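Below is one structure; the comments refer to it alone.
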Amino acid sequence: MNTISTFQYDHWAAKPVAELAVGDLISHGGKVATVTAKPYAEAGVTHIPGEPYDPGPIKLLIGEFAVGKEHIIMASELVGSDLAEFDDGTVLITDMEAGHNLVYSPRLPTAELEAFCAEHIERYQEFYDAHEDAIEGRQAVPMQPWWF
């Protein structure tokens with residue numbers, strides 16, 4: 001059974017290719033794509049129609065956009081990652097464009113993620129201290145989730 005790494009709510013996990021649906025996010029070869037049609041086989045090769053992941057417009061978390069997100073911003077800076085916003089009103093510190101295994105927080109509504117980051121900011125600081133050179137060099141460093 002062929003599987004591929006897919007984003008499932010707040011983490012990456014293997015999923016059978018035959019079960020992919022339009023809109024699923026997949027990671028393959030270090031790139032993230034959105035599935036645009038059901039996978040199909042042709043000449044013994046499985047094809048997954050897709051397009052590169054589009055995170056949408058860049059939003060700078062400064063001024064009025066930073067209000068109520070102070071600890072989220074600190075945590076994001078400490079891990080060198082972005083904030084992904086989802087249509088259901090939840091947010092997640094992750095770098096979707098860099099591939100899988102780069103999830104740095106649970107997926108929560110903004111106020112709850114702010115409280116989570118405030119409570120655990122020391123963990124983010126420890127992670128930064130351990131990986132400062134890589135993070136400052138803009139290298140993606142995976143973090144072992146502790147919030148499950």
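Ordering of the structure tokens sets the chain letters (A, B, ...), residue numbers begin anew at 1 in every chain, and ligands are numbered from 1 in the order given.
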Among chain A, which residues does DSSP mark as strand (DSSP E or B) when it is run on the backbone? Keep the chain and numbering as in the structure and answer as a PDB file with C-alpha atoms, in the first residue's frame.
```pdb
ATOM      1  CA  THR A   3       1.353   6.082   1.582  1.00  0.00           C
ATOM      2  CA  ILE A   4       2.332   9.729   1.601  1.00  0.00           C
ATOM      3  CA  SER A   5       2.856  12.230   4.387  1.00  0.00           C
ATOM      4  CA  THR A   6      -0.284  14.345   4.849  1.00  0.00           C
ATOM      5  CA  PHE A   7      -1.146  17.192   7.168  1.00  0.00           C
ATOM      6  CA  GLN A   8      -3.867  15.995   9.518  1.00  0.00           C
ATOM      7  CA  HIS A  11       0.517  17.058  12.608  1.00  0.00           C
ATOM      8  CA  TRP A  12       1.966  15.153   9.672  1.00  0.00           C
ATOM      9  CA  ALA A  13       1.150  11.454   9.316  1.00  0.00           C
ATOM     10  CA  ALA A  14       1.232   8.778   6.653  1.00  0.00           C
ATOM     11  CA  LYS A  15      -1.980   8.276   4.714  1.00  0.00           C
ATOM     12  CA  PRO A  16      -2.754   5.753   1.986  1.00  0.00           C
ATOM     13  CA  LEU A  25      -1.948  18.869   2.050  1.00  0.00           C
ATOM     14  CA  ILE A  26       0.822  16.434   1.182  1.00  0.00           C
ATOM     15  CA  SER A  27       4.580  16.557   1.622  1.00  0.00           C
ATOM     16  CA  HIS A  28       6.823  14.859  -0.902  1.00  0.00           C
ATOM     17  CA  LYS A  31       7.779  20.250  -0.914  1.00  0.00           C
ATOM     18  CA  VAL A  32       4.208  20.733   0.251  1.00  0.00           C
ATOM     19  CA  ALA A  33       1.343  20.592  -2.241  1.00  0.00           C
ATOM     20  CA  THR A  34      -2.434  20.699  -2.191  1.00  0.00           C
ATOM     21  CA  VAL A  35      -4.199  17.752  -3.806  1.00  0.00           C
ATOM     22  CA  TYR A  40      -4.859   7.770 -10.426  1.00  0.00           C
ATOM     23  CA  ALA A  41      -2.561   5.134 -11.863  1.00  0.00           C
ATOM     24  CA  GLU A  42      -1.240   5.271 -15.388  1.00  0.00           C
ATOM     25  CA  VAL A  45       2.752   4.766 -11.950  1.00  0.00           C
ATOM     26  CA  THR A  46       0.627   6.518  -9.320  1.00  0.00           C
ATOM     27  CA  HIS A  47      -0.039  10.189 -10.029  1.00  0.00           C
ATOM     28  CA  GLY A  50      -1.708  18.860  -7.097  1.00  0.00           C
ATOM     29  CA  GLU A  51      -0.370  22.346  -6.972  1.00  0.00           C
ATOM     30  CA  PRO A  52       2.247  23.949  -4.721  1.00  0.00           C
ATOM     31  CA  ASP A  82       5.473  31.319  10.754  1.00  0.00           C
ATOM     32  CA  LEU A  83       1.901  31.360  11.948  1.00  0.00           C
ATOM     33  CA  ALA A  84      -0.550  29.450   9.772  1.00  0.00           C
ATOM     34  CA  GLU A  85      -4.185  30.526   9.934  1.00  0.00           C
ATOM     35  CA  THR A  90      -7.545  28.134  14.472  1.00  0.00           C
ATOM     36  CA  VAL A  91      -3.838  28.945  14.175  1.00  0.00           C
ATOM     37  CA  LEU A  92      -0.650  26.915  14.360  1.00  0.00           C
ATOM     38  CA  ILE A  93       3.039  27.766  14.532  1.00  0.00           C
ATOM     39  CA  THR A  94       4.471  25.876  11.569  1.00  0.00           C
ATOM     40  CA  VAL A 103       5.062  21.917  13.717  1.00  0.00           C
ATOM     41  CA  LEU A 108      -5.825  26.218  18.650  1.00  0.00           C
ATOM     42  CA  PRO A 109      -7.969  29.349  18.440  1.00  0.00           C
TER      43      PRO A 109
END
```
Test item, alpha helix (DSSP H) assignment across chain A, answer as a short mmCIF file (atom, residue, chain, number, x, y, z; two decimals) with N, CA and C atoms, in the first residue's frame:
```
data_model
loop_
_atom_site.label_atom_id
_atom_site.label_comp_id
_atom_site.auth_asym_id
_atom_site.auth_seq_id
_atom_site.Cartn_x
_atom_site.Cartn_y
_atom_site.Cartn_z
N GLU A 70 1.20 38.47 21.43
CA GLU A 70 2.57 38.77 21.83
C GLU A 70 3.40 37.52 22.09
N HIS A 71 2.84 36.55 22.81
CA HIS A 71 3.58 35.32 23.10
C HIS A 71 3.66 34.40 21.88
N ILE A 72 2.66 34.43 21.04
CA ILE A 72 2.72 33.67 19.79
C ILE A 72 3.88 34.20 18.95
N ILE A 73 4.00 35.50 18.87
CA ILE A 73 5.07 36.12 18.08
C ILE A 73 6.43 35.75 18.67
N MET A 74 6.56 35.82 20.00
CA MET A 74 7.83 35.45 20.64
C MET A 74 8.18 33.99 20.33
N ALA A 75 7.21 33.09 20.50
CA ALA A 75 7.47 31.67 20.24
C ALA A 75 7.83 31.45 18.78
N SER A 76 7.13 32.11 17.87
CA SER A 76 7.42 31.98 16.43
C SER A 76 8.85 32.42 16.12
N GLU A 77 9.26 33.52 16.71
CA GLU A 77 10.62 34.01 16.49
C GLU A 77 11.66 33.06 17.08
N LEU A 78 11.35 32.47 18.22
CA LEU A 78 12.30 31.56 18.88
C LEU A 78 12.49 30.26 18.11
N VAL A 79 11.50 29.85 17.33
CA VAL A 79 11.65 28.62 16.53
C VAL A 79 11.94 28.93 15.06
N THR A 110 -6.81 31.48 18.35
CA THR A 110 -5.74 32.44 18.63
C THR A 110 -5.56 32.70 20.13
N ALA A 111 -6.63 33.00 20.84
CA ALA A 111 -6.50 33.32 22.28
C ALA A 111 -5.95 32.13 23.07
N GLU A 112 -6.36 30.92 22.70
CA GLU A 112 -5.86 29.74 23.39
C GLU A 112 -4.40 29.47 23.06
N LEU A 113 -4.00 29.71 21.80
CA LEU A 113 -2.59 29.53 21.45
C LEU A 113 -1.74 30.59 22.15
N GLU A 114 -2.25 31.80 22.28
CA GLU A 114 -1.53 32.85 23.01
C GLU A 114 -1.28 32.40 24.45
N ALA A 115 -2.30 31.86 25.09
CA ALA A 115 -2.15 31.38 26.48
C ALA A 115 -1.17 30.21 26.54
N PHE A 116 -1.24 29.31 25.58
CA PHE A 116 -0.32 28.17 25.52
C PHE A 116 1.12 28.66 25.41
N CYS A 117 1.36 29.59 24.49
CA CYS A 117 2.72 30.11 24.29
C CYS A 117 3.21 30.84 25.53
N ALA A 118 2.34 31.59 26.19
CA ALA A 118 2.73 32.29 27.42
C ALA A 118 3.14 31.29 28.49
N GLU A 119 2.36 30.23 28.62
CA GLU A 119 2.65 29.21 29.63
C GLU A 119 3.96 28.46 29.35
N ILE A 121 6.61 29.51 27.23
CA ILE A 121 7.63 30.31 26.54
C ILE A 121 9.05 29.87 26.94
N GLU A 122 9.22 29.33 28.15
CA GLU A 122 10.55 28.86 28.56
C GLU A 122 11.00 27.68 27.69
N ARG A 123 10.07 26.80 27.32
CA ARG A 123 10.41 25.67 26.44
C ARG A 123 10.88 26.19 25.08
N TYR A 124 10.20 27.21 24.58
CA TYR A 124 10.60 27.79 23.30
C TYR A 124 11.98 28.45 23.42
N GLN A 125 12.24 29.10 24.53
CA GLN A 125 13.55 29.71 24.75
C GLN A 125 14.63 28.64 24.82
N GLU A 126 14.36 27.53 25.52
CA GLU A 126 15.33 26.43 25.60
C GLU A 126 15.60 25.84 24.21
N PHE A 127 14.56 25.70 23.41
CA PHE A 127 14.73 25.19 22.05
C PHE A 127 15.62 26.14 21.24
N TYR A 128 15.35 27.42 21.35
CA TYR A 128 16.17 28.41 20.65
C TYR A 128 17.63 28.35 21.12
N ASP A 129 17.82 28.29 22.42
CA ASP A 129 19.18 28.25 22.96
C ASP A 129 19.95 27.03 22.44
N ALA A 130 19.25 25.91 22.28
CA ALA A 130 19.90 24.69 21.81
C ALA A 130 20.18 24.72 20.31
N HIS A 131 19.43 25.53 19.55
CA HIS A 131 19.54 25.52 18.08
C HIS A 131 19.75 26.92 17.51
N GLU A 132 20.30 27.82 18.30
CA GLU A 132 20.42 29.21 17.90
C GLU A 132 21.12 29.40 16.55
N ASP A 133 22.25 28.76 16.36
CA ASP A 133 23.00 28.95 15.11
C ASP A 133 22.17 28.54 13.90
N ALA A 134 21.52 27.39 13.97
CA ALA A 134 20.70 26.92 12.85
C ALA A 134 19.51 27.85 12.61
N ILE A 135 18.84 28.24 13.67
CA ILE A 135 17.66 29.11 13.53
C ILE A 135 18.07 30.46 12.96
N GLU A 136 19.14 31.03 13.47
CA GLU A 136 19.62 32.32 12.96
C GLU A 136 20.11 32.20 11.52
#
```
